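Student: The structure that follows is given in the form of structure tokens.
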Amino acid sequence: SDRLVIAIDGPSGSGKSSTSREMARRLGLAYLDTGAMYRAVAVAFLDAGVDPADTDAVIAATTGADIELSLDPDESWVRVNGRDVTAEIREPRTSAVVSTVARIPQCRADLVARQRALMDAAPSGVVAEGRDITTVVYPDADVRLLLTASEEARLARRGTELGGRLSASELRDQVLRRDRDDSALVEFQTAADGVLLLDTSDLTFDQVVEAILTLVKEST
Ligand code: C5P
């Protein structure tokens with residue numbers, strides 16, 4: 001078909017969000033940040049005062065959440081149940097509970113189905129990024145890519161993104177704890193069969209974008 005679907009997975013700090021967005025811009029495709037959907041659900045259940053330990057309530061909050069998000073790579077916004085949560089989804093209190101949603105299979109199934117539907121509806125195609133896009137959400141993507149980076153490089157990038165708001169040890173705790181929680185859910189640290197691996201540790205942003213553009217040309 002004329003559509004192009006690019007699936008990109010990787011841990012936090014691998015550079016997947018900024019490079020996926022830029023790929024979408026360059027190729028004229030939609031951009032889907034699946035992590036933003038997990039984060040939006042986390043905000044929804046915090047809003048509703050749901051106890052994270054109450055699995056049934058978390059499932060109900062997830063399946064009942066009305067999630068809207070921008071698929072335009074030049075515009076970034078997320079709404080949950082009609083409320084703009086663009087800034088809130090990035091707050092530490094949200095990051096701290098997002099794994100609660102991610103580790104419940106019923107929540108994952110619900111979000112995976114929504115993600116597929118959004119990807120299928122993008123007229124010229126989409127760059128989608130997360131932890132399980134290459135393996136679960138869209139294993140049929142035209143290009144499947146896993147971005148990795150050394151722990152040192154990932155901590156440095158997250159530190160820059162957070163604008164030095166955390167001490168080195170707080171940052172280390174947060175990033176490594178979330179990676180450990182996430183690794184228990186989906187395998188995103190080693191490339192599945194047919195998934196291309198790109199180590200971004202020693203690459204600049206522009207070099208990562210160029211490398212992915214080359215891979216896309218080679219594989220389409
Ligand atoms: O990508 P981001 O760091 O914003 O994702 C937030 C959280 O959402 C991850 O730490 C993970 O728990 C969950 N997630 C997931 N599967 C995805 C995307 C995100 O489990 N495809």
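Ligands are numbered from 1 in the order shown, residues from 1 within each chain, and chains are lettered A, B, ... in the order they appear in the structure tokens.
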Go through segment 36-135 of chain A and collect every residue that DSSP, computed from the backbone, puts in helix (DSSP H, G or I); the answer should be as a PDB file with C-alpha atoms, in the first residue's frame.
Tutor:
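Produced file selection25.pdb, reproduced below:
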```pdb
ATOM      1  CA  ALA A  36       1.452   9.412  26.629  1.00  0.00           C
ATOM      2  CA  MET A  37      -1.645   7.162  26.620  1.00  0.00           C
ATOM      3  CA  TYR A  38      -0.397   5.116  29.620  1.00  0.00           C
ATOM      4  CA  ARG A  39       0.445   8.410  31.336  1.00  0.00           C
ATOM      5  CA  ALA A  40      -2.998   9.900  30.543  1.00  0.00           C
ATOM      6  CA  VAL A  41      -4.692   6.902  32.162  1.00  0.00           C
ATOM      7  CA  ALA A  42      -2.467   7.303  35.226  1.00  0.00           C
ATOM      8  CA  VAL A  43      -3.622  10.939  35.518  1.00  0.00           C
ATOM      9  CA  ALA A  44      -7.250   9.844  35.107  1.00  0.00           C
ATOM     10  CA  PHE A  45      -7.093   7.397  37.996  1.00  0.00           C
ATOM     11  CA  LEU A  46      -5.164   9.836  40.205  1.00  0.00           C
ATOM     12  CA  ASP A  47      -7.911  12.408  39.411  1.00  0.00           C
ATOM     13  CA  THR A  55      -6.797  -3.496  40.223  1.00  0.00           C
ATOM     14  CA  ASP A  56     -10.481  -3.644  39.267  1.00  0.00           C
ATOM     15  CA  ALA A  57     -10.836   0.100  39.794  1.00  0.00           C
ATOM     16  CA  VAL A  58      -7.690   0.787  37.734  1.00  0.00           C
ATOM     17  CA  ILE A  59      -9.066  -1.398  34.927  1.00  0.00           C
ATOM     18  CA  ALA A  60     -12.402   0.418  35.049  1.00  0.00           C
ATOM     19  CA  ALA A  61     -10.655   3.812  35.009  1.00  0.00           C
ATOM     20  CA  THR A  62      -8.598   2.685  31.993  1.00  0.00           C
ATOM     21  CA  THR A  63     -11.356   1.213  29.867  1.00  0.00           C
ATOM     22  CA  GLU A  88       0.545  16.788  34.011  1.00  0.00           C
ATOM     23  CA  ILE A  89       1.441  13.562  32.236  1.00  0.00           C
ATOM     24  CA  ARG A  90       5.150  14.511  32.510  1.00  0.00           C
ATOM     25  CA  PRO A  92       7.050  12.958  38.587  1.00  0.00           C
ATOM     26  CA  ARG A  93       3.848  11.917  40.445  1.00  0.00           C
ATOM     27  CA  THR A  94       2.504  10.588  37.135  1.00  0.00           C
ATOM     28  CA  SER A  95       5.747   8.799  36.208  1.00  0.00           C
ATOM     29  CA  ALA A  96       5.702   7.235  39.657  1.00  0.00           C
ATOM     30  CA  VAL A  97       2.354   5.449  39.108  1.00  0.00           C
ATOM     31  CA  VAL A  98       2.331   4.826  35.359  1.00  0.00           C
ATOM     32  CA  SER A  99       3.703   1.278  35.769  1.00  0.00           C
ATOM     33  CA  THR A 100       0.564   0.442  37.771  1.00  0.00           C
ATOM     34  CA  VAL A 101      -1.415   0.791  34.547  1.00  0.00           C
ATOM     35  CA  ALA A 102       1.238  -0.792  32.362  1.00  0.00           C
ATOM     36  CA  PRO A 105      -2.892  -7.101  31.241  1.00  0.00           C
ATOM     37  CA  GLN A 106      -6.490  -5.814  30.794  1.00  0.00           C
ATOM     38  CA  CYS A 107      -5.200  -2.233  30.742  1.00  0.00           C
ATOM     39  CA  ARG A 108      -2.523  -3.119  28.184  1.00  0.00           C
ATOM     40  CA  ALA A 109      -5.042  -4.932  25.972  1.00  0.00           C
ATOM     41  CA  ASP A 110      -7.384  -1.949  26.026  1.00  0.00           C
ATOM     42  CA  LEU A 111      -4.638   0.553  25.154  1.00  0.00           C
ATOM     43  CA  VAL A 112      -3.047  -1.717  22.523  1.00  0.00           C
ATOM     44  CA  ALA A 113      -6.402  -1.975  20.703  1.00  0.00           C
ATOM     45  CA  ARG A 114      -6.812   1.816  20.743  1.00  0.00           C
ATOM     46  CA  GLN A 115      -3.237   2.305  19.518  1.00  0.00           C
ATOM     47  CA  ARG A 116      -3.757  -0.085  16.578  1.00  0.00           C
ATOM     48  CA  ALA A 117      -6.974   1.691  15.623  1.00  0.00           C
ATOM     49  CA  LEU A 118      -5.242   5.089  15.687  1.00  0.00           C
ATOM     50  CA  MET A 119      -2.370   3.709  13.591  1.00  0.00           C
ATOM     51  CA  ASP A 120      -4.717   2.112  11.062  1.00  0.00           C
ATOM     52  CA  ALA A 121      -6.631   5.374  10.699  1.00  0.00           C
ATOM     53  CA  ILE A 133       5.095  -1.458  19.214  1.00  0.00           C
ATOM     54  CA  THR A 134       7.501  -3.668  17.240  1.00  0.00           C
ATOM     55  CA  THR A 135       6.358  -6.838  19.009  1.00  0.00           C
TER      56      THR A 135
END
```
Student: Excluding segment 140-144 of chain A and any residue of its chain fewer than 6 positions from it, enumerate the residues within 6 Å of it, using only C-alpha atoms, and give them as a list in words.
Tutor: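 Residues near the query, excluding close chain neighbours: Val5, Ile6, Ala7, Thr134 and Val195 of chain A.
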Student: Kindly save the residues from that selection, with C-alpha atoms included, as a PDB file, in the first residue's frame.
Tutor:
```pdb
ATOM      1  CA  VAL A   5       4.179   2.419   9.257  1.00  0.00           C
ATOM      2  CA  ILE A   6       7.302   2.773  11.394  1.00  0.00           C
ATOM      3  CA  ALA A   7       7.426   1.151  14.836  1.00  0.00           C
ATOM      4  CA  THR A 134       7.501  -3.668  17.240  1.00  0.00           C
ATOM      5  CA  VAL A 195      13.678  -5.841  14.513  1.00  0.00           C
TER       6      VAL A 195
END
```
Student: According to DSSP computed on the backbone, where in segment 61-211 of chain A is there strand (DSSP E)? Give the residues as a ChimeraX atom specification.
Tutor: /A:67-69,78-80,83-84,125-130,143-148,196-199
Student: Residues within 10 Å of Arg26 of chain A, please, as a list in words. Count only C-alpha atoms; anything in the same chain fewer than 6 positions from it doesn't count.
Tutor: Ser20, Pro73, Val209 and Leu213 of chain A
Student: Write out, as a PDB file, in the first residue's frame, the residues just selected, with all heavy atoms.
Tutor:
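Writing the result to again_16.pdb gives the following:
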```pdb
ATOM      1  N   SER A  20      11.507  10.013  16.944  1.00  0.00           N
ATOM      2  CA  SER A  20      10.288   9.534  16.266  1.00  0.00           C
ATOM      3  C   SER A  20       9.477  10.713  15.742  1.00  0.00           C
ATOM      4  O   SER A  20       8.954  10.694  14.626  1.00  0.00           O
ATOM      5  CB  SER A  20       9.412   8.726  17.224  1.00  0.00           C
ATOM      6  OG  SER A  20      10.082   7.573  17.652  1.00  0.00           O
ATOM      7  N   PRO A  73       2.911  15.784  14.460  1.00  0.00           N
ATOM      8  CA  PRO A  73       4.217  15.878  15.119  1.00  0.00           C
ATOM      9  C   PRO A  73       4.605  17.305  15.496  1.00  0.00           C
ATOM     10  O   PRO A  73       5.499  17.510  16.321  1.00  0.00           O
ATOM     11  CB  PRO A  73       5.194  15.303  14.083  1.00  0.00           C
ATOM     12  CG  PRO A  73       4.485  15.344  12.781  1.00  0.00           C
ATOM     13  CD  PRO A  73       3.017  15.256  13.089  1.00  0.00           C
ATOM     14  N   VAL A 209      18.665  10.620  13.604  1.00  0.00           N
ATOM     15  CA  VAL A 209      17.642  10.853  12.576  1.00  0.00           C
ATOM     16  C   VAL A 209      18.148  10.378  11.205  1.00  0.00           C
ATOM     17  O   VAL A 209      17.439   9.663  10.485  1.00  0.00           O
ATOM     18  CB  VAL A 209      17.234  12.348  12.547  1.00  0.00           C
ATOM     19  CG1 VAL A 209      16.354  12.646  11.344  1.00  0.00           C
ATOM     20  CG2 VAL A 209      16.518  12.723  13.836  1.00  0.00           C
ATOM     21  N   LEU A 213      16.581   7.406   8.894  1.00  0.00           N
ATOM     22  CA  LEU A 213      16.137   7.686   7.514  1.00  0.00           C
ATOM     23  C   LEU A 213      16.796   6.705   6.537  1.00  0.00           C
ATOM     24  O   LEU A 213      16.141   6.199   5.615  1.00  0.00           O
ATOM     25  CB  LEU A 213      16.469   9.130   7.119  1.00  0.00           C
ATOM     26  CG  LEU A 213      15.539  10.213   7.673  1.00  0.00           C
ATOM     27  CD1 LEU A 213      16.095  11.605   7.376  1.00  0.00           C
ATOM     28  CD2 LEU A 213      14.122  10.087   7.102  1.00  0.00           C
TER      29      LEU A 213
END
```
Student: Could you please determine the separation between atom CA of Val216 of chain A and atom CA of Ile8 of chain A in Å, to one decimal place?
Tutor: 11.7 Å
Student: Counting only C-alpha atoms and all ligand atoms, figure out which residue out of A:Ser183, A:Thr148, A:Ser76, A:Ser70 gets nearest to ligand 1.
Tutor: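 Counting only C-alpha atoms and all ligand atoms, the residue closest to ligand 1 is A:Ser183.
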Student: So which one's closest to Ser169 of chain A, A:Val127, A:Leu145, A:Ala211, A:Leu155? Using only C-alpha atoms, please.
Tutor: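 The shortest atom-to-atom distance to Ser169 of chain A comes from A:Leu155.
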Student: Ranking A:Thr220, A:Gly49, A:Asp181, A:Glu129 by minimum distance to Leu4 of chain A and counting only C-alpha atoms, which one comes first?
Tutor: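 Once distances to Leu4 of chain A are computed over only C-alpha atoms, the minimum belongs to A:Thr220.
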Student: Separation of atom CA of Met23 of chain A and atom CA of Ser124 of chain A, in Å?
Tutor: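 These two atoms are separated by 13.5 Å.
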Student: So, with only C-alpha atoms and all ligand atoms as the atoms that count, which of A:Leu27, A:Leu215, A:Val137, A:Leu198 lies closest to ligand 1?
Tutor: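 Of the candidates, the smallest distance to ligand 1 is held by A:Val137.
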Student: Go through A:Asp84, A:Asp179, A:Asp74, A:Glu68 and flag the residue nearest ligand 1, using only C-alpha atoms and all ligand atoms for the distances.
Tutor: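 The shortest atom-to-atom distance to ligand 1 comes from A:Asp179.
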Student: Let me make sure I understand: among A:Pro52, A:Gly15, A:Gly125, A:Gly130, which one has the smallest atom-to-atom distance to ligand 1 if we use only C-alpha atoms and all ligand atoms?
Tutor: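 Of the candidates, the smallest distance to ligand 1 is held by A:Gly130.
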Student: Atom CA of Ala192 of chain A and atom CA of Asp9 of chain A are how many Å apart?
Tutor: 10.7 Å
